[in-house]
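The structure appears below as C-alpha cells.
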Amino acid sequence: MRIYRFLHENKEYFGAIKEGRVYPFPKSEISKDFDFSPSAQNLDIVCVNFLSPVSPSKIVCVGRNYAEHAAELGNEVPKTPLLFLKAPSALITDGDSIIIPEQSRQVEHEGELGIVISRECRKLTENDDPFDFVFGYICLNDVTARDLQRQDVQFTRAKSFDTFCPVGAFIETDLDVSDLLVQTRVNGVIKQDGRTSQMVFPVDFLIRYISNQMTLYPGDLIATGTPSGVSKLNEGDVCEVEIEGIGILSNPVSK
C-alpha cells in the first residue's frame with residue numbers, strides 16, 4: 001500500500017489514496033490499517049497539501065554496501081557496515097530541485113532503497129525479526145559532493161547540503177525487498193543498474209546492526225547503499241531513481 005503524508009486544516013496526517021479521495025489514518029500515528037468503505041472518513045485530494053512522506057529524527061546511511069560501487073571509488077568492501085549520518089534538513093521530495101552548492105565541482109547521484117522505521121527499535125537480537133520494525137520502503141537519492149567527501153575524509157559535509165536527500169512522494173508498505181531492481185537515470189540515460197540482492201549486508205542485517213549502535217525511532221530513515229555507476233550531476237539535468245515495486249523519484253538539478 002502507498003502511504004502519503006499531508007496537511008489538512010493545519011494538521012498533519014498519514015493516509016492512502018483511492019479514486020481521487022484521501023483516507024487519513026484515524027490517528028496521527030503510523031498504521032497500516034485502512035477503511036476504504038464509502039462511510040469512512042475521506043477527503044477530496046484537492047483539499048490537502050502533500051508533504052515529504054518522512055520526517056525522521058535521523059537519516060542513517062550505509063556506505064559501500066555494493067561491492068562494485070566500493071570498487072569504482074577505489075575502496076574495499078567493509079567487514080562490517082560502514083555507517084554515517086545525513087542531516088534531516090537535506091530532505092526534499094519528488095519534483096523538488098537538487099541544488100548544486102557553490103562549494104562543490106563534483107555532485108553525484110546515488111540511487112538507493114530507503115527503509116522507514118515503524119516503532120522504537122533498540123538492541124535487536126537474533127530472536128527479533130527486524131521486519132517487524134519496518135513501516136515501509138521508499139526511493140531515495142543519497143546525493144553526494146564527491147570532491148568534498150574525498151577532501152574531508154569523513155562524510156558529513158559532502159552528504160548533508162540542503163536538497164541532498166530526495167525521497168519519493170510515498171512509502172510502500174507491502175514489498176519483498178530481497179531482490180529488487182534499483183536503477184538511476186540522468187536525462188533518461190541509465191547510469192546505475194543493480195539489484196538489492198547484491199547488497200553486501202541485507203536489509204534485515206542492517207536494521208539489527210544499526211539498532212545495536214543507536215535507537216531508531218518511528219519515522220527514522222535508513223539508506224541502504226548504492227549500486228555502481230554513480231556520475232556527475234549538472235545544472236539542467238533530471239535525475240530519476242526507480243525501484244521495482246515502489247516507483248520513480250524524479251528531481252531536476254539546478255544551481
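Following the order of the C-alpha cells, chains are lettered A, B, ..., residues in each are numbered from 1, and ligands are numbered from 1.
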- Task: Run DSSP on the backbone of this structure and report the residues of segment 84-251 of chain A it assigns to alpha helix (DSSP H), as a PyMOL selection string.
- Result: chain A and resi 146-152+156-159+203-211
Those residues you just picked out, can you put them in a file as a CSV table (one decimal), in the first residue's frame with C-alpha atoms?
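Output (out.csv):
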chain,number,residue,atom,x,y,z
A,146,ARG,CA,32.3,13.7,-4.1
A,147,ASP,CA,35.1,16.2,-4.2
A,148,LEU,CA,34.3,17.3,-0.7
A,149,GLN,CA,33.9,13.8,0.5
A,150,ARG,CA,37.5,13.0,-0.6
A,151,GLN,CA,38.8,16.3,0.8
A,152,ASP,CA,37.1,15.9,4.3
A,156,THR,CA,29.1,14.7,6.9
A,157,ARG,CA,29.5,17.9,4.8
A,158,ALA,CA,29.5,16.1,1.5
A,159,LYS,CA,26.3,14.3,2.2
A,203,VAL,CA,18.1,-5.2,4.9
A,204,ASP,CA,17.4,-7.4,8.0
A,205,PHE,CA,21.1,-7.5,9.0
A,206,LEU,CA,21.4,-3.7,8.6
A,207,ILE,CA,18.4,-3.0,10.9
A,208,ARG,CA,19.6,-5.3,13.6
A,209,TYR,CA,23.1,-4.0,13.3
A,210,ILE,CA,22.1,-0.3,13.5
A,211,SER,CA,19.7,-0.9,16.4
- Extract, using only C-alpha atoms, all DNA, RNA and protein residues at most 12 Å from segment 66-74 of chain A, discarding same-chain residues fewer than 5 positions from it, and format them as a PyMOL selection string. chain A and resi 79+81-82+110-112+146-147+149-150+182+192-202+224-231
Save out the residues we just selected, N, CA and C atoms, as a compact mmCIF listing (two decimals), in the first residue's frame.
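Wrote part-v1.txt, looks like this:
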# COMPACT_ATOMS: atom_id res chain seq x y z
N LYS A 79 34.20 -4.85 6.34
CA LYS A 79 33.89 -6.11 7.01
C LYS A 79 32.63 -6.01 7.87
N PRO A 81 29.15 -3.08 8.48
CA PRO A 81 28.53 -1.94 7.79
C PRO A 81 29.20 -0.61 8.13
N LEU A 82 29.47 0.16 7.09
CA LEU A 82 30.04 1.50 7.24
C LEU A 82 28.88 2.47 7.38
N GLU A 110 23.25 9.00 -6.10
CA GLU A 110 23.37 7.64 -5.54
C GLU A 110 21.97 7.12 -5.28
N GLY A 111 21.39 6.40 -6.22
CA GLY A 111 20.06 5.85 -6.03
C GLY A 111 20.07 4.70 -5.05
N GLU A 112 19.11 4.71 -4.10
CA GLU A 112 19.11 3.72 -3.03
C GLU A 112 17.70 3.35 -2.58
N ARG A 146 31.18 14.66 -4.19
CA ARG A 146 32.26 13.68 -4.12
C ARG A 146 33.61 14.33 -3.85
N ASP A 147 33.86 15.51 -4.42
CA ASP A 147 35.15 16.16 -4.19
C ASP A 147 35.32 16.55 -2.73
N GLN A 149 33.80 15.01 -0.21
CA GLN A 149 33.91 13.76 0.54
C GLN A 149 35.38 13.31 0.59
N ARG A 150 36.05 13.37 -0.57
CA ARG A 150 37.46 12.99 -0.61
C ARG A 150 38.32 13.97 0.20
N VAL A 182 17.19 -1.71 -8.77
CA VAL A 182 17.44 -0.33 -8.36
C VAL A 182 18.16 0.35 -9.53
N GLN A 192 22.92 3.81 -13.22
CA GLN A 192 23.05 2.76 -12.21
C GLN A 192 22.00 1.69 -12.46
N ASP A 193 22.40 0.44 -12.37
CA ASP A 193 21.51 -0.67 -12.68
C ASP A 193 21.92 -1.86 -11.82
N GLY A 194 21.33 -1.95 -10.62
CA GLY A 194 21.70 -3.02 -9.70
C GLY A 194 20.47 -3.65 -9.09
N ARG A 195 20.71 -4.60 -8.21
CA ARG A 195 19.62 -5.29 -7.53
C ARG A 195 19.92 -5.34 -6.03
N THR A 196 18.87 -5.28 -5.23
CA THR A 196 19.07 -5.32 -3.78
C THR A 196 19.71 -6.64 -3.32
N SER A 197 19.59 -7.68 -4.11
CA SER A 197 20.23 -8.96 -3.77
C SER A 197 21.75 -8.86 -3.81
N GLN A 198 22.28 -7.79 -4.41
CA GLN A 198 23.72 -7.59 -4.48
C GLN A 198 24.29 -6.87 -3.25
N MET A 199 23.41 -6.49 -2.33
CA MET A 199 23.90 -5.83 -1.12
C MET A 199 24.87 -6.74 -0.36
N VAL A 200 25.94 -6.16 0.14
CA VAL A 200 26.87 -6.92 0.98
C VAL A 200 26.18 -7.31 2.28
N PHE A 201 25.47 -6.35 2.87
CA PHE A 201 24.71 -6.57 4.10
C PHE A 201 23.23 -6.35 3.79
N PRO A 202 22.39 -7.38 3.88
CA PRO A 202 20.98 -7.24 3.51
C PRO A 202 20.19 -6.42 4.52
N THR A 224 20.23 2.35 2.30
CA THR A 224 20.88 1.04 2.33
C THR A 224 22.11 0.89 1.45
N GLY A 225 22.54 1.95 0.78
CA GLY A 225 23.71 1.87 -0.08
C GLY A 225 23.32 1.90 -1.55
N THR A 226 24.29 2.15 -2.40
CA THR A 226 24.01 2.39 -3.81
C THR A 226 24.79 1.44 -4.72
N PRO A 227 24.22 1.02 -5.84
CA PRO A 227 24.96 0.22 -6.82
C PRO A 227 26.02 1.06 -7.53
N SER A 228 26.84 0.41 -8.33
CA SER A 228 27.87 1.11 -9.10
C SER A 228 27.22 1.96 -10.20
N GLY A 229 28.01 2.90 -10.72
CA GLY A 229 27.55 3.73 -11.81
C GLY A 229 27.27 5.17 -11.44
N VAL A 230 27.72 5.61 -10.27
CA VAL A 230 27.48 7.00 -9.87
C VAL A 230 28.15 7.92 -10.89
N SER A 231 27.53 9.08 -11.11
CA SER A 231 28.08 10.02 -12.09
C SER A 231 27.70 11.44 -11.70
- Query: Skipping near chain neighbours, those fewer than 3 positions away, what residues fall within 8 Å of segment 129-137 of chain A using only C-alpha atoms, listed as a list of chain:residue names?
  - Reply: A:Ile30, A:Leu113, A:Gly114, A:Ile115, A:Val116, A:Ile117, A:Ser118, A:Arg119, A:Glu120, A:Cys121, A:Leu124, A:Glu126, A:Ile171, A:Glu172, A:Thr173, A:Asp174, A:Leu175, A:Asp204, A:Phe205, A:Ile207, A:Arg208, A:Ile246
Please produce a file of those selected residues containing N, CA and C atoms, as a PDB file, in the first residue's frame.
ATOM      1  N   ILE A  30       1.617   6.286  12.738  1.00  0.00           N
ATOM      2  CA  ILE A  30       1.769   5.387  11.593  1.00  0.00           C
ATOM      3  C   ILE A  30       0.987   4.110  11.838  1.00  0.00           C
ATOM      4  N   LEU A 113      17.591   2.169  -2.010  1.00  0.00           N
ATOM      5  CA  LEU A 113      16.388   1.767  -1.291  1.00  0.00           C
ATOM      6  C   LEU A 113      16.430   2.366   0.101  1.00  0.00           C
ATOM      7  N   GLY A 114      15.353   3.063   0.492  1.00  0.00           N
ATOM      8  CA  GLY A 114      15.248   3.604   1.833  1.00  0.00           C
ATOM      9  C   GLY A 114      14.286   2.786   2.677  1.00  0.00           C
ATOM     10  N   ILE A 115      14.611   2.615   3.952  1.00  0.00           N
ATOM     11  CA  ILE A 115      13.771   1.885   4.908  1.00  0.00           C
ATOM     12  C   ILE A 115      13.190   2.883   5.898  1.00  0.00           C
ATOM     13  N   VAL A 116      11.882   2.834   6.116  1.00  0.00           N
ATOM     14  CA  VAL A 116      11.221   3.704   7.086  1.00  0.00           C
ATOM     15  C   VAL A 116      10.850   2.860   8.311  1.00  0.00           C
ATOM     16  N   ILE A 117      11.306   3.282   9.477  1.00  0.00           N
ATOM     17  CA  ILE A 117      11.090   2.544  10.717  1.00  0.00           C
ATOM     18  C   ILE A 117       9.689   2.840  11.276  1.00  0.00           C
ATOM     19  N   SER A 118       9.040   1.814  11.829  1.00  0.00           N
ATOM     20  CA  SER A 118       7.657   1.949  12.299  1.00  0.00           C
ATOM     21  C   SER A 118       7.535   2.185  13.804  1.00  0.00           C
ATOM     22  N   ARG A 119       8.469   1.640  14.578  1.00  0.00           N
ATOM     23  CA  ARG A 119       8.377   1.771  16.032  1.00  0.00           C
ATOM     24  C   ARG A 119       9.772   1.709  16.636  1.00  0.00           C
ATOM     25  N   GLU A 120       9.863   2.092  17.906  1.00  0.00           N
ATOM     26  CA  GLU A 120      11.177   2.160  18.530  1.00  0.00           C
ATOM     27  C   GLU A 120      11.914   0.832  18.384  1.00  0.00           C
ATOM     28  N   CYS A 121      13.143   0.942  17.961  1.00  0.00           N
ATOM     29  CA  CYS A 121      13.935  -0.235  17.591  1.00  0.00           C
ATOM     30  C   CYS A 121      15.302  -0.110  18.255  1.00  0.00           C
ATOM     31  N   LEU A 124      18.242  -5.033  18.908  1.00  0.00           N
ATOM     32  CA  LEU A 124      17.601  -6.264  18.436  1.00  0.00           C
ATOM     33  C   LEU A 124      18.579  -7.434  18.552  1.00  0.00           C
ATOM     34  N   GLU A 126      19.145 -11.856  17.760  1.00  0.00           N
ATOM     35  CA  GLU A 126      18.852 -12.841  16.711  1.00  0.00           C
ATOM     36  C   GLU A 126      17.437 -13.400  16.847  1.00  0.00           C
ATOM     37  N   ILE A 171       5.403   6.121   0.784  1.00  0.00           N
ATOM     38  CA  ILE A 171       6.035   4.933   1.354  1.00  0.00           C
ATOM     39  C   ILE A 171       5.262   3.708   0.891  1.00  0.00           C
ATOM     40  N   GLU A 172       5.961   2.709   0.397  1.00  0.00           N
ATOM     41  CA  GLU A 172       5.322   1.449   0.013  1.00  0.00           C
ATOM     42  C   GLU A 172       5.461   0.464   1.168  1.00  0.00           C
ATOM     43  N   THR A 173       4.314  -0.015   1.683  1.00  0.00           N
ATOM     44  CA  THR A 173       4.349  -0.843   2.897  1.00  0.00           C
ATOM     45  C   THR A 173       4.417  -2.342   2.621  1.00  0.00           C
ATOM     46  N   ASP A 174       3.976  -2.781   1.463  1.00  0.00           N
ATOM     47  CA  ASP A 174       3.876  -4.228   1.197  1.00  0.00           C
ATOM     48  C   ASP A 174       4.840  -4.612   0.100  1.00  0.00           C
ATOM     49  N   LEU A 175       6.018  -5.088   0.497  1.00  0.00           N
ATOM     50  CA  LEU A 175       7.056  -5.335  -0.503  1.00  0.00           C
ATOM     51  C   LEU A 175       8.099  -6.303   0.033  1.00  0.00           C
ATOM     52  N   ASP A 204      17.620  -6.922   6.618  1.00  0.00           N
ATOM     53  CA  ASP A 204      17.391  -7.367   7.997  1.00  0.00           C
ATOM     54  C   ASP A 204      18.661  -7.254   8.838  1.00  0.00           C
ATOM     55  N   PHE A 205      19.803  -7.598   8.235  1.00  0.00           N
ATOM     56  CA  PHE A 205      21.076  -7.474   8.951  1.00  0.00           C
ATOM     57  C   PHE A 205      21.346  -6.022   9.320  1.00  0.00           C
ATOM     58  N   ILE A 207      19.230  -3.479   9.790  1.00  0.00           N
ATOM     59  CA  ILE A 207      18.356  -2.966  10.850  1.00  0.00           C
ATOM     60  C   ILE A 207      18.830  -3.464  12.209  1.00  0.00           C
ATOM     61  N   ARG A 208      19.126  -4.748  12.283  1.00  0.00           N
ATOM     62  CA  ARG A 208      19.585  -5.314  13.561  1.00  0.00           C
ATOM     63  C   ARG A 208      20.910  -4.673  13.985  1.00  0.00           C
ATOM     64  N   ILE A 246       8.171  -0.070  -6.168  1.00  0.00           N
ATOM     65  CA  ILE A 246       7.901   1.196  -5.474  1.00  0.00           C
ATOM     66  C   ILE A 246       7.500   2.270  -6.474  1.00  0.00           C
TER      67      ILE A 246
END
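Between Pro78 of chain A and the residues A:Asn65, A:Asn141, A:Thr163, A:Thr215, the shortest atom-to-atom distance, using only C-alpha atoms, involves A:Asn65.
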- Task: Using DSSP on the backbone coordinates, identify the residues of segment 29-238 of chain A assigned to strand (DSSP E or B); present them as an MDAnalysis selection string.
- Result: chainID A and resid 43:44 49:51 59:63 66 82:86 91:93 98:99 107:108 111:117 121 134:141 144:145 165:167 171:172 181:186 189:195 199 216 221:223 232 238
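Going from atom CA of Lys232 of chain A to atom CA of Cys61 of chain A covers 20.1 Å.
Shortest separation to Lys123 of chain A among A:Phe14, A:Gly20, A:Tyr4, A:Met214 occurs at residue A:Met214, atoms counted being only C-alpha atoms.
Between Arg5 of chain A and the candidates A:Phe36, A:Phe170, A:Phe161, A:Tyr23, the tightest atom-to-atom separation, counting only C-alpha atoms, involves A:Phe170.
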- Query: Which polymer residues have any atom within 7 Å of an atom of Cys239 of chain A, counting only C-alpha atoms, with same-chain residues fewer than 5 positions away left out, as a list of chain:residue names?
  - Reply: A:Arg185, A:Val186, A:Asn187, A:Ser250, A:Asn251, A:Pro252
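With distances restricted to only C-alpha atoms, A:Gly236 is the closest residue to Ser97 of chain A from A:Pro26, A:Gly236, A:Pro56, A:Gly15.
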